[in-house]
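Visitor: Hey, dropping run38.cif in here, mmCIF, C-alpha atoms:
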```cif
data_query
loop_
_atom_site.label_atom_id
_atom_site.label_comp_id
_atom_site.auth_asym_id
_atom_site.auth_seq_id
_atom_site.Cartn_x
_atom_site.Cartn_y
_atom_site.Cartn_z
CA MET Y 1 134.73 54.05 177.41
CA GLY Y 2 134.27 53.82 173.64
CA SER Y 3 131.76 51.48 172.08
CA SER Y 4 131.86 49.07 169.16
CA VAL Y 5 128.06 48.81 169.28
CA ALA Y 6 126.23 51.32 167.08
CA VAL Y 7 122.66 52.38 167.80
CA VAL Y 8 120.30 53.13 164.92
CA THR Y 9 116.81 54.57 165.32
CA ASP Y 10 114.26 56.25 163.07
CA SER Y 11 113.10 59.82 162.74
CA SER Y 12 109.84 59.23 164.63
CA ALA Y 13 111.87 59.30 167.87
CA TYR Y 14 111.97 63.12 167.51
CA LEU Y 15 114.99 63.50 169.73
CA PRO Y 16 116.64 66.93 169.77
CA ALA Y 17 119.44 66.89 167.19
CA GLU Y 18 122.06 67.85 169.77
CA LEU Y 19 121.01 64.97 172.02
CA SER Y 20 121.16 62.44 169.19
CA ALA Y 21 124.59 63.68 168.15
CA ARG Y 22 125.91 63.58 171.70
CA HIS Y 23 124.91 59.94 172.06
CA GLY Y 24 126.10 58.95 168.59
CA LEU Y 25 122.70 57.82 167.32
CA ILE Y 26 122.21 57.09 163.64
CA THR Y 27 118.76 58.14 162.41
CA VAL Y 28 116.97 56.73 159.37
CA PRO Y 29 114.13 59.02 158.19
CA LEU Y 30 110.58 57.88 157.62
CA GLN Y 31 108.79 59.15 154.54
CA ILE Y 32 105.81 61.42 154.00
CA ALA Y 33 103.76 62.35 150.95
CA VAL Y 34 101.90 65.65 150.68
CA GLY Y 35 99.63 65.86 147.66
CA GLY Y 36 101.35 62.79 146.20
CA GLU Y 37 104.93 64.10 146.47
CA VAL Y 38 107.05 61.68 148.56
CA ARG Y 39 109.93 63.05 150.63
CA ASP Y 40 111.97 62.16 153.70
CA GLU Y 41 110.19 63.65 156.69
CA THR Y 42 113.39 65.49 157.57
CA GLU Y 43 113.03 67.43 154.30
CA LEU Y 44 109.60 68.79 155.22
CA THR Y 45 108.96 71.37 157.91
CA VAL Y 46 106.38 70.96 160.62
CA ALA Y 47 104.80 74.23 159.53
CA GLN Y 48 104.31 72.90 156.01
CA THR Y 49 102.71 69.74 157.35
CA ALA Y 50 100.47 71.62 159.76
CA GLN Y 51 99.31 73.92 156.97
CA ALA Y 52 98.54 70.97 154.70
CA LEU Y 53 96.52 69.34 157.47
CA LYS Y 54 94.60 72.53 158.19
CA GLU Y 55 93.71 72.67 154.49
CA TRP Y 56 92.77 68.95 154.54
CA ARG Y 57 95.21 68.20 151.73
CA PRO Y 58 96.14 64.50 151.33
CA VAL Y 59 99.02 63.64 153.69
CA THR Y 60 100.25 60.05 153.98
CA THR Y 61 103.27 58.40 155.61
CA SER Y 62 105.36 55.32 154.89
CA ARG Y 63 108.27 53.32 156.25
CA PRO Y 64 111.83 53.73 155.02
CA ALA Y 65 112.82 51.25 152.33
CA PRO Y 66 114.98 48.34 153.58
CA GLU Y 67 117.78 49.76 151.43
CA ARG Y 68 117.92 52.82 153.67
CA PHE Y 69 118.60 50.60 156.67
CA ALA Y 70 121.08 48.51 154.70
CA HIS Y 71 123.03 51.68 153.90
CA ALA Y 72 122.97 52.79 157.57
CA TYR Y 73 124.16 49.37 158.77
CA LYS Y 74 126.95 49.25 156.19
CA ALA Y 75 128.09 52.75 157.14
CA ALA Y 76 128.10 51.88 160.87
CA ALA Y 77 130.15 48.75 160.21
CA GLY Y 78 132.52 50.74 158.03
CA ALA Y 79 133.02 53.18 160.89
CA GLY Y 80 134.10 50.35 163.19
CA ALA Y 81 130.92 48.93 164.72
CA SER Y 82 131.10 45.22 165.44
CA ALA Y 83 127.36 45.02 166.13
CA ILE Y 84 124.28 47.22 165.78
CA VAL Y 85 121.14 47.78 167.85
CA SER Y 86 118.31 49.11 165.69
CA VAL Y 87 115.52 50.62 167.81
CA HIS Y 88 112.21 51.53 166.17
CA LEU Y 89 108.59 52.56 166.48
CA ALA Y 90 105.84 50.01 167.08
CA ALA Y 91 105.40 47.37 164.39
CA ALA Y 92 101.66 47.67 164.95
CA MET Y 93 101.85 51.27 163.67
CA SER Y 94 104.39 50.99 160.87
CA GLY Y 95 106.36 48.59 158.69
CA THR Y 96 109.62 50.19 159.83
CA VAL Y 97 110.60 47.26 162.07
CA GLU Y 98 109.97 44.87 159.18
CA ALA Y 99 112.17 46.95 156.87
CA ALA Y 100 114.94 46.99 159.49
CA ARG Y 101 114.74 43.22 159.91
CA LEU Y 102 114.92 42.65 156.16
CA ALA Y 103 118.05 44.79 155.97
CA ALA Y 104 119.55 43.06 159.02
CA GLU Y 105 119.55 39.70 157.23
CA ASP Y 106 122.36 40.82 154.91
CA ALA Y 107 124.12 43.33 157.16
CA PRO Y 108 127.92 43.02 157.46
CA VAL Y 109 127.69 42.77 161.28
CA PRO Y 110 125.04 41.34 163.63
CA VAL Y 111 121.97 43.58 164.02
CA HIS Y 112 119.55 43.38 166.95
CA VAL Y 113 116.23 44.94 165.88
CA VAL Y 114 114.01 46.21 168.73
CA ASP Y 115 110.27 46.81 168.36
CA THR Y 116 109.67 49.29 171.18
CA GLY Y 117 105.88 49.14 170.88
CA THR Y 118 105.75 52.94 171.05
CA ILE Y 119 106.64 56.11 169.15
CA GLY Y 120 107.92 59.63 169.72
CA MET Y 121 110.03 60.26 172.81
CA GLY Y 122 109.00 56.86 174.18
CA LEU Y 123 111.09 55.48 171.33
CA GLY Y 124 113.68 58.20 171.81
CA PHE Y 125 114.32 57.39 175.47
CA ALA Y 126 114.62 53.69 174.57
CA ALA Y 127 117.28 54.47 171.97
CA LEU Y 128 119.16 56.64 174.47
CA SER Y 129 119.16 53.76 176.98
CA ALA Y 130 120.66 51.45 174.36
CA ALA Y 131 123.31 54.05 173.58
CA ALA Y 132 124.16 54.45 177.29
CA VAL Y 133 124.72 50.71 177.68
CA ALA Y 134 126.86 50.64 174.53
CA ARG Y 135 128.89 53.63 175.71
CA ASP Y 136 129.62 51.84 178.98
CA GLY Y 137 130.96 48.81 177.13
CA GLY Y 138 127.86 46.61 177.15
CA ASP Y 139 127.31 44.19 174.29
CA ALA Y 140 124.56 44.50 171.70
CA ALA Y 141 122.21 42.03 173.38
CA THR Y 142 122.41 43.96 176.67
CA ALA Y 143 121.88 47.28 174.90
CA ALA Y 144 118.86 45.91 173.03
CA ALA Y 145 117.39 44.57 176.27
CA ALA Y 146 117.83 47.99 177.91
CA ALA Y 147 115.99 49.69 175.05
CA LEU Y 148 113.10 47.26 175.29
CA ARG Y 149 112.89 47.54 179.07
CA ARG Y 150 112.89 51.35 178.97
CA ALA Y 151 110.10 51.29 176.41
CA GLU Y 152 108.08 48.84 178.50
CA LEU Y 153 108.39 51.05 181.59
CA SER Y 154 107.44 54.25 179.78
CA HIS Y 155 103.99 55.79 179.52
CA SER Y 156 102.92 57.85 176.51
CA LEU Y 157 99.87 60.07 176.95
CA PHE Y 158 98.53 62.54 174.44
CA TYR Y 159 95.70 64.89 173.66
CA VAL Y 160 94.33 65.77 170.22
CA ASP Y 161 92.00 68.56 169.23
CA THR Y 162 90.20 66.20 166.85
CA LEU Y 163 90.22 62.46 166.15
CA GLU Y 164 89.68 63.05 162.45
CA HIS Y 165 93.38 62.95 161.50
CA LEU Y 166 93.85 59.60 163.28
CA ARG Y 167 90.75 58.27 161.57
CA ARG Y 168 91.82 59.43 158.12
CA GLY Y 169 95.30 57.98 158.60
CA GLY Y 170 94.03 54.59 159.73
CA ARG Y 171 95.79 54.82 163.09
CA ILE Y 172 92.80 55.42 165.33
CA GLY Y 173 92.77 51.92 166.88
CA GLY Y 174 90.69 51.55 170.02
CA ALA Y 175 90.08 55.30 170.11
CA ALA Y 176 87.43 54.71 167.44
CA THR Y 177 85.01 54.15 170.32
CA LEU Y 178 85.19 57.90 170.99
CA LEU Y 179 84.23 58.96 167.47
CA GLY Y 180 80.51 59.16 168.12
CA SER Y 181 80.99 61.75 170.85
CA ALA Y 182 84.09 63.39 169.41
CA LEU Y 183 82.40 66.77 169.06
CA MET Y 184 81.32 66.69 172.69
CA VAL Y 185 84.60 65.72 174.35
CA LYS Y 186 88.32 66.31 174.30
CA PRO Y 187 89.94 62.86 174.09
CA LEU Y 188 92.98 61.72 176.04
CA LEU Y 189 94.79 58.79 174.46
CA ASN Y 190 97.70 56.49 175.24
CA ILE Y 191 99.66 53.71 173.60
CA VAL Y 192 98.93 50.14 174.66
CA ASP Y 193 100.64 47.15 173.03
CA GLY Y 194 101.81 49.34 170.19
CA ARG Y 195 98.38 50.74 169.38
CA ILE Y 196 96.51 53.93 170.18
CA ALA Y 197 93.87 53.41 172.86
CA PRO Y 198 91.38 55.67 174.64
CA LEU Y 199 92.41 56.76 178.12
CA ASP Y 200 89.91 59.37 179.26
CA LYS Y 201 87.62 62.08 177.95
CA VAL Y 202 86.83 65.49 179.33
CA ARG Y 203 84.79 68.48 178.23
CA THR Y 204 87.39 71.21 177.67
CA ALA Y 205 90.95 71.53 176.41
CA SER Y 206 92.11 73.06 179.69
CA ARG Y 207 90.65 70.16 181.65
CA ALA Y 208 92.25 67.71 179.24
CA LEU Y 209 95.69 69.16 179.91
CA ALA Y 210 95.13 69.22 183.67
CA ARG Y 211 94.00 65.61 183.56
CA MET Y 212 97.02 64.63 181.48
CA ALA Y 213 99.30 66.17 184.13
CA GLU Y 214 97.48 64.17 186.83
CA LEU Y 215 97.93 60.94 184.90
CA ALA Y 216 101.60 61.68 184.19
CA ALA Y 217 102.24 62.26 187.89
CA GLU Y 218 100.52 58.98 188.73
CA ALA Y 219 102.66 57.16 186.16
CA ALA Y 220 105.86 58.68 187.56
CA GLY Y 221 105.11 57.94 191.22
CA ASP Y 222 108.24 58.22 193.35
CA ARG Y 223 110.59 56.96 190.66
CA GLU Y 224 113.33 58.95 188.93
CA VAL Y 225 111.98 59.80 185.51
CA ASP Y 226 112.80 61.65 182.33
CA LEU Y 227 109.98 63.51 180.63
CA GLY Y 228 109.28 64.27 177.00
CA VAL Y 229 106.69 66.96 176.27
CA GLN Y 230 105.81 67.02 172.59
CA HIS Y 231 103.39 69.05 170.57
CA LEU Y 232 102.29 70.11 167.10
CA ALA Y 233 101.73 73.84 166.66
CA ALA Y 234 101.11 74.23 170.41
CA ALA Y 235 104.44 75.48 171.77
CA SER Y 236 103.07 77.71 174.53
CA ARG Y 237 100.84 74.97 175.91
CA ALA Y 238 103.79 72.56 175.84
CA GLU Y 239 105.99 74.97 177.81
CA SER Y 240 103.22 75.54 180.35
CA LEU Y 241 102.59 71.81 180.76
CA ALA Y 242 106.32 71.10 181.18
CA ALA Y 243 106.60 73.72 183.92
CA HIS Y 244 103.60 72.24 185.70
CA LEU Y 245 105.04 68.72 185.49
CA ARG Y 246 108.38 69.86 186.92
CA GLU Y 247 106.54 71.18 189.96
CA ARG Y 248 104.22 68.23 190.33
CA ILE Y 249 106.53 65.23 189.79
CA PRO Y 250 109.08 64.91 192.62
CA HIS Y 251 111.98 63.12 190.94
CA VAL Y 252 112.27 64.55 187.44
CA ARG Y 253 115.73 64.37 185.88
CA ASP Y 254 115.69 65.54 182.25
CA VAL Y 255 112.80 67.28 180.51
CA HIS Y 256 112.82 67.57 176.73
CA ILE Y 257 110.29 69.81 175.01
CA GLY Y 258 109.88 69.64 171.27
CA GLU Y 259 107.61 69.65 168.28
CA VAL Y 260 106.83 66.35 166.61
CA GLY Y 261 107.74 65.95 162.98
CA PRO Y 262 105.59 65.48 159.91
CA VAL Y 263 105.03 61.72 160.27
CA ILE Y 264 103.36 61.89 163.69
CA GLY Y 265 101.91 65.28 162.83
CA ALA Y 266 100.07 63.86 159.83
CA HIS Y 267 98.17 61.50 162.11
CA VAL Y 268 97.46 63.69 165.14
CA GLY Y 269 96.90 67.12 163.67
CA PRO Y 270 97.70 70.64 164.92
CA GLY Y 271 97.07 71.18 168.61
CA MET Y 272 98.33 67.77 169.71
CA LEU Y 273 100.09 67.74 173.07
CA GLY Y 274 101.76 64.66 174.52
CA VAL Y 275 103.76 63.56 177.56
CA VAL Y 276 106.15 60.64 177.80
CA VAL Y 277 107.04 59.51 181.32
CA ALA Y 278 110.17 57.36 181.13
CA PRO Y 279 111.41 55.87 184.41
CA ARG Y 280 115.18 55.54 184.55
CA LEU Y 281 116.67 52.07 184.52
CA PRO Y 282 118.43 50.86 187.68
#
```
Would you give me this structure, written as structure tokens?
Guide:
Amino acid sequence: MGSSVAVVTDSSAYLPAELSARHGLITVPLQIAVGGEVRDETELTVAQTAQALKEWRPVTTSRPAPERFAHAYKAAAGAGASAIVSVHLAAAMSGTVEAARLAAEDAPVPVHVVDTGTIGMGLGFAALSAAAVARDGGDAATAAAAALRRAELSHSLFYVDTLEHLRRGGRIGGAATLLGSALMVKPLLNIVDGRIAPLDKVRTASRALARMAELAAEAAGDREVDLGVQHLAAASRAESLAAHLRERIPHVRDVHIGEVGPVIGAHVGPGMLGVVVAPRLP
């Protein structure tokens, strides 16, 4: 069944392009500045960002301007949408939700803006749930509720080689409590109420990844889940972790492995590895 409800998200969802296209998602890019030059994050490669971070060059990120959302909403309405669900990363991390809401005030059709309280594939799975409801003929309010519920059920866990990038970017949140021992431990983090929070700490990278797999399996339980395994400049470790999770979690449906883009990369640094456990909605 076709849908008159369009789903908009932002580039920090990091969904595979083919998957976004298949579900008809409209993506508004966040922005990143390297050495003072501001560009859409989709115009910058992950390799360029990783190299800039390794060289400790200034890398900053910012929300899309409300005008970018206004253009996306107008285009969706022009293509036949009677309503829009706009699904975005946590307001506690970015002003993206605020920009979307400002644009929604003057949009040509009703816009339901969803603050998912998360980022990365946690956001991506929420947007896909909204698109599934819309594709099945659900209205915008039902699609927005599905996105929010999927985000609430999901667990985002991640490992970083160093906390310094989070500290420099002002996104360290509750993980600041680990800074004093950062050289002695490998931190595991998660997202709680839209903010980065400490989850566990171990002594080695290998133990950190094993522990992350344990925690992901606990989060999945016996439910049907989709998994997102994301990384920055750590492809082989991501593939290995994904294979381990497939064996360990009994009811895995889809597994998506991918590299995060420049916006997340600027805050987590090379070597980051993350898992999103997203239970399927009934």
Visitor: Once the PyMOL selection byres ((chain Y and resi 46) around 8) has been applied to the shown file, what residues remain in the selection, as a PyMOL selection string?
Guide: chain Y and resi 44-45+47-50+232+259-262+265
Visitor: One decimal, in Å: what's the spacing between CA of Ala146 (chain Y) and CA of Ser94 (chain Y)?
Guide: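 It comes out at 21.9 Å.
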Visitor: Please enumerate the residues selected by the PyMOL selection byres ((chain Y and resi 66-83) around 12) when evaluated against the supplied file, formatted as number ranges by chain.
Guide: Y: 2-10, 24-31, 40, 62-65, 84-88, 95-113, 134, 138-144
Visitor: Edge lengths and centre in Å to one decimal, as JSON, is what I'm after for the box along x, y and z that holds all listed atoms of region 48-52 of chain Y once 4 Å is added on each side.
Guide:
```
{"center_x": 101.4, "center_y": 71.8, "center_z": 157.2, "size_x": 13.8, "size_y": 12.2, "size_z": 13.1}
```
Visitor: Considering only C-alpha atoms, state which residue in the set Y:Ala132, Y:Val225, Y:Leu19, Y:Leu273 is at the smallest distance from Tyr159 (chain Y).
Guide: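 Smallest separation from Tyr159 (chain Y) among the options: Y:Leu273.
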Visitor: So which one's closest to Ala151 (chain Y), Y:Ser11, Y:Asn190, Y:Ser129, Y:Thr116? Using all atoms listed in the file, please.
Guide: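 Once distances to Ala151 (chain Y) are computed over all atoms listed in the file, the minimum belongs to Y:Thr116.
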Visitor: With the PyMOL selection byres ((chain Y and resi 222) around 9) as the selection, what would be picked from this file? Answer as a VMD selection string, please.
Guide: chain Y and resid 220 to 221 223 to 225 249 to 251
Visitor: Rounded to one decimal in Å, what is the spacing between CA of Thr204 (chain Y) and CA of Ile119 (chain Y)?
Guide: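 Separating CA of Thr204 (chain Y) from CA of Ile119 (chain Y) is a distance of 25.9 Å.
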Visitor: From the set Y:Asp226, Y:Asp193, Y:Ser156, Y:Arg237, which residue has the shortest atom-to-atom contact distance to Ala210 (chain Y), counting all atoms listed in the file?
Guide: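 Smallest distance to Ala210 (chain Y) is found for Y:Arg237.
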Visitor: Any idea what the distance is between CA of Val59 (chain Y) and CA of Glu37 (chain Y)?
Guide: 9.3 Å
Visitor: Reconstruct N, CA, C and O atoms of region 63-76 of chain Y; output as a PDB file, keeping the file's coordinate frame.
Guide:
```pdb
ATOM      1  N   ARG Y  63     107.009  53.761 155.641  1.00  0.00           N
ATOM      2  CA  ARG Y  63     108.270  53.320 156.250  1.00  0.00           C
ATOM      3  C   ARG Y  63     109.443  53.646 155.329  1.00  0.00           C
ATOM      4  O   ARG Y  63     109.268  53.836 154.120  1.00  0.00           O
ATOM      5  N   PRO Y  64     110.657  53.658 155.884  1.00  0.00           N
ATOM      6  CA  PRO Y  64     111.830  53.730 155.020  1.00  0.00           C
ATOM      7  C   PRO Y  64     111.970  52.418 154.246  1.00  0.00           C
ATOM      8  O   PRO Y  64     111.564  51.352 154.726  1.00  0.00           O
ATOM      9  N   ALA Y  65     112.539  52.470 153.083  1.00  0.00           N
ATOM     10  CA  ALA Y  65     112.820  51.250 152.330  1.00  0.00           C
ATOM     11  C   ALA Y  65     113.920  50.458 153.047  1.00  0.00           C
ATOM     12  O   ALA Y  65     114.794  51.046 153.691  1.00  0.00           O
ATOM     13  N   PRO Y  66     113.907  49.124 152.946  1.00  0.00           N
ATOM     14  CA  PRO Y  66     114.980  48.340 153.580  1.00  0.00           C
ATOM     15  C   PRO Y  66     116.372  48.793 153.146  1.00  0.00           C
ATOM     16  O   PRO Y  66     117.329  48.705 153.924  1.00  0.00           O
ATOM     17  N   GLU Y  67     116.482  49.305 151.919  1.00  0.00           N
ATOM     18  CA  GLU Y  67     117.780  49.760 151.430  1.00  0.00           C
ATOM     19  C   GLU Y  67     118.336  50.919 152.266  1.00  0.00           C
ATOM     20  O   GLU Y  67     119.555  51.058 152.401  1.00  0.00           O
ATOM     21  N   ARG Y  68     117.442  51.727 152.831  1.00  0.00           N
ATOM     22  CA  ARG Y  68     117.920  52.820 153.670  1.00  0.00           C
ATOM     23  C   ARG Y  68     118.579  52.274 154.939  1.00  0.00           C
ATOM     24  O   ARG Y  68     119.589  52.794 155.413  1.00  0.00           O
ATOM     25  N   PHE Y  69     117.987  51.236 155.503  1.00  0.00           N
ATOM     26  CA  PHE Y  69     118.600  50.600 156.670  1.00  0.00           C
ATOM     27  C   PHE Y  69     119.884  49.880 156.288  1.00  0.00           C
ATOM     28  O   PHE Y  69     120.870  49.926 157.023  1.00  0.00           O
ATOM     29  N   ALA Y  70     119.871  49.221 155.144  1.00  0.00           N
ATOM     30  CA  ALA Y  70     121.080  48.510 154.700  1.00  0.00           C
ATOM     31  C   ALA Y  70     122.244  49.485 154.576  1.00  0.00           C
ATOM     32  O   ALA Y  70     123.382  49.173 154.973  1.00  0.00           O
ATOM     33  N   HIS Y  71     121.968  50.665 154.040  1.00  0.00           N
ATOM     34  CA  HIS Y  71     123.030  51.680 153.900  1.00  0.00           C
ATOM     35  C   HIS Y  71     123.516  52.128 155.274  1.00  0.00           C
ATOM     36  O   HIS Y  71     124.727  52.269 155.500  1.00  0.00           O
ATOM     37  N   ALA Y  72     122.578  52.351 156.216  1.00  0.00           N
ATOM     38  CA  ALA Y  72     122.970  52.790 157.570  1.00  0.00           C
ATOM     39  C   ALA Y  72     123.806  51.716 158.262  1.00  0.00           C
ATOM     40  O   ALA Y  72     124.807  52.029 158.928  1.00  0.00           O
ATOM     41  N   TYR Y  73     123.424  50.455 158.121  1.00  0.00           N
ATOM     42  CA  TYR Y  73     124.160  49.370 158.770  1.00  0.00           C
ATOM     43  C   TYR Y  73     125.561  49.229 158.168  1.00  0.00           C
ATOM     44  O   TYR Y  73     126.545  49.029 158.880  1.00  0.00           O
ATOM     45  N   LYS Y  74     125.649  49.355 156.856  1.00  0.00           N
ATOM     46  CA  LYS Y  74     126.950  49.250 156.190  1.00  0.00           C
ATOM     47  C   LYS Y  74     127.864  50.397 156.627  1.00  0.00           C
ATOM     48  O   LYS Y  74     129.056  50.201 156.891  1.00  0.00           O
ATOM     49  N   ALA Y  75     127.289  51.602 156.723  1.00  0.00           N
ATOM     50  CA  ALA Y  75     128.090  52.750 157.140  1.00  0.00           C
ATOM     51  C   ALA Y  75     128.575  52.590 158.579  1.00  0.00           C
ATOM     52  O   ALA Y  75     129.723  52.919 158.903  1.00  0.00           O
ATOM     53  N   ALA Y  76     127.707  52.079 159.469  1.00  0.00           N
ATOM     54  CA  ALA Y  76     128.100  51.880 160.870  1.00  0.00           C
ATOM     55  C   ALA Y  76     129.223  50.853 160.960  1.00  0.00           C
ATOM     56  O   ALA Y  76     130.192  51.034 161.713  1.00  0.00           O
TER      57      ALA Y  76
END
```
